[in-house]
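**Q** For reference, the structure I am asking about is given below.
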Amino acid sequence: MAKKEKFYTVWKGKRPGIYTTWDDCKAAITGYKGAQYKSFPTFALAKKAYNGNYEEYKGKTKGVSSLTQEQLLKIGTPNYHSISVDAASSGNPGIMEYQGVDTKTKKTLFRQGPFPQGTNNIGEFLAIVHGLAYLKERKSDRVIYTDSRTAMSWVRKKTCNTKLVETEKNKALFDLIRRALDWLKKNSYNTPIVKWETKAWGEIPADFGRK
């Protein structure tokens, strides 16, 4: 069986760069105190990592894709003229919050929560609607990235099809849902809502890092 090809990213070393053999990588880091390096299965991922931050990849498989080089090329790279949204829920239901960030810089543009009782799907839905309102208010032509197909469907259908029952504990959250639905019904928008390709690009930039 042929040996799997690997690419080695060296962020810090005698000669930072991307290498195609372990021997070359080893030569670039040996004797360098605090060397930062990691292997990747494709050149595209190694290059993406090199242009990123070592801390995002250290000791993790984050961003490492099982897709072939051909598949990665077909998917392409993210459109950085965009914002990315995501939600996090500790339990289902549980404490939930959501945020929107600049896709390229990861600068937080808006953040809501935590809410004492919510679900991840609700958070993803609210994050998209918040993003739509945020961009429309600023007359921005940026796109929105989300990694939730469920939330994309809810926004498209102008509904929040959650099974969570409204209670006194989550009333504030349901008030926000009603506001979001009202906004969708009263506003038009041209903002493309695009699925973030996690398998090719790693976690969405708005990810809370709690997986």
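Please note that chains go A, B, ... in the order of the structure tokens, that every chain numbers its residues from 1, and that ligands are numbered from 1 in the order shown.
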Would you list, as an NGL selection string, the residues of chain A that end up in alpha helix (DSSP H) under DSSP run on this structure's backbone?
**A** :A and (22-29 or 43-50 or 69-75 or 120-137 or 149-157 or 171-186 or 198-201)
**Q** So which residues touch range 150-167 of chain A within 8 Å, counting only C-alpha atoms, skipping near sequence neighbours fewer than 2 positions away, as a list in words?
**A** Pro93, Gly118, Thr119, Asn121, Ile122, Glu124, Phe125, Ile128, Val129, Thr146, Ser148, Lys169, Asn170, Lys171, Phe174, Ile177, Leu181, Leu184, Lys185 and Ile193 of chain A
**Q** Write a file of the selected residues as a PDB file, in the first residue's frame, keeping C-alpha atoms.
**A**
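result-v7.pdb written:
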ATOM      1  CA  PRO A  93     -32.054  22.597  26.270  1.00  0.00           C
ATOM      2  CA  GLY A 118     -32.385  27.460  24.904  1.00  0.00           C
ATOM      3  CA  THR A 119     -31.262  25.111  22.158  1.00  0.00           C
ATOM      4  CA  ASN A 121     -30.929  25.368  16.701  1.00  0.00           C
ATOM      5  CA  ILE A 122     -32.713  28.374  18.187  1.00  0.00           C
ATOM      6  CA  GLU A 124     -28.282  29.396  15.122  1.00  0.00           C
ATOM      7  CA  PHE A 125     -31.605  30.738  13.806  1.00  0.00           C
ATOM      8  CA  ILE A 128     -28.659  34.398  11.175  1.00  0.00           C
ATOM      9  CA  VAL A 129     -31.582  36.819  11.582  1.00  0.00           C
ATOM     10  CA  THR A 146     -23.574  29.445   9.009  1.00  0.00           C
ATOM     11  CA  SER A 148     -26.529  24.977  10.399  1.00  0.00           C
ATOM     12  CA  LYS A 169     -37.703  30.685  32.507  1.00  0.00           C
ATOM     13  CA  ASN A 170     -37.221  31.107  28.752  1.00  0.00           C
ATOM     14  CA  LYS A 171     -39.802  33.830  28.065  1.00  0.00           C
ATOM     15  CA  PHE A 174     -39.169  33.397  23.036  1.00  0.00           C
ATOM     16  CA  ILE A 177     -37.778  34.605  18.597  1.00  0.00           C
ATOM     17  CA  LEU A 181     -39.929  36.234  13.005  1.00  0.00           C
ATOM     18  CA  LEU A 184     -38.339  38.345   8.632  1.00  0.00           C
ATOM     19  CA  LYS A 185     -41.969  38.989   7.731  1.00  0.00           C
ATOM     20  CA  ILE A 193     -26.875  32.863   3.471  1.00  0.00           C
TER      21      ILE A 193
END
**Q** Tell me which protein, DNA and RNA residues are within 7 Å of Thr42 in chain A, counting only C-alpha atoms, leaving out same-chain ones fewer than 2 positions away, and put them as a PyMOL selection string.
**A** chain A and resi 6-7+40+44-46+69
**Q** Of the candidates A:Ser89, A:Asn120, A:Ser188, A:Thr21, which shows the shortest atom-to-atom distance to Leu132 in chain A, using only C-alpha atoms?
**A**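 That would be A:Ser188, the residue with the smallest distance to Leu132 in chain A.
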**Q** What lies within 7 Å of range 101-116 of chain A using only C-alpha atoms, ignoring chain neighbours under 2 positions off, as a PyMOL selection string?
**A** chain A and resi 80+82-85+94-99+118+170+173+205-206
**Q** For range 13-15 of chain A, list every protein, DNA or RNA residue within 7 Å, evaluated using only C-alpha atoms, and leave out those in the same chain fewer than 6 positions away; present the list as a short mmCIF file (atom, residue, chain, number, x, y, z; two decimals) with N, CA, C and O atoms, in the first residue's frame.
**A**
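The file below, selection.cif, is the result:
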data_model
loop_
_atom_site.label_atom_id
_atom_site.label_comp_id
_atom_site.auth_asym_id
_atom_site.auth_seq_id
_atom_site.Cartn_x
_atom_site.Cartn_y
_atom_site.Cartn_z
N ALA A 28 14.33 21.96 9.49
CA ALA A 28 13.90 23.34 9.68
C ALA A 28 13.61 23.67 11.14
O ALA A 28 13.52 24.85 11.50
N ILE A 29 13.44 22.65 11.98
CA ILE A 29 13.06 22.91 13.38
C ILE A 29 14.09 22.43 14.40
O ILE A 29 14.11 22.92 15.54
N TYR A 32 15.91 24.59 17.19
CA TYR A 32 15.21 25.87 17.35
C TYR A 32 14.29 25.79 18.57
O TYR A 32 13.34 25.01 18.58
N ALA A 35 9.99 25.71 18.64
CA ALA A 35 9.53 25.47 17.26
C ALA A 35 8.05 25.12 17.24
O ALA A 35 7.54 24.44 18.13
N GLN A 36 7.37 25.59 16.21
CA GLN A 36 5.93 25.32 16.05
C GLN A 36 5.71 24.67 14.69
O GLN A 36 6.02 25.26 13.66
#
**Q** For Ile204 in chain A, which residue out of A:Tyr37, A:Tyr8, A:Tyr54, A:Tyr145 is the nearest one, using only C-alpha atoms?
**A**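 So, comparing all the options, the nearest one is A:Tyr145.
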**Q** Give me every strand (DSSP E) residue in range 6-206 of chain A, going by DSSP on the backbone, as JSON, numbers by chain.
**A** {"A": [7, 8, 9, 10, 11, 12, 17, 18, 19, 36, 37, 38, 39, 40, 82, 83, 84, 85, 86, 87, 88, 89, 90, 91, 94, 95, 96, 97, 98, 99, 100, 101, 102, 108, 109, 110, 111, 112, 113, 114, 115, 116, 117, 118, 143, 144, 145, 146, 193, 194, 195]}
**Q** Between CA of Phe208 in chain A and CA of His130 in chain A, what is the distance, to one decimal in Å?
**A** 17.2 Å
**Q** Work out how far apart CA of Glu137 in chain A and CA of Arg178 in chain A are and give it in Å to one decimal.
**A**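 Computing the Euclidean distance for CA of Glu137 in chain A and CA of Arg178 in chain A yields 19.4 Å.
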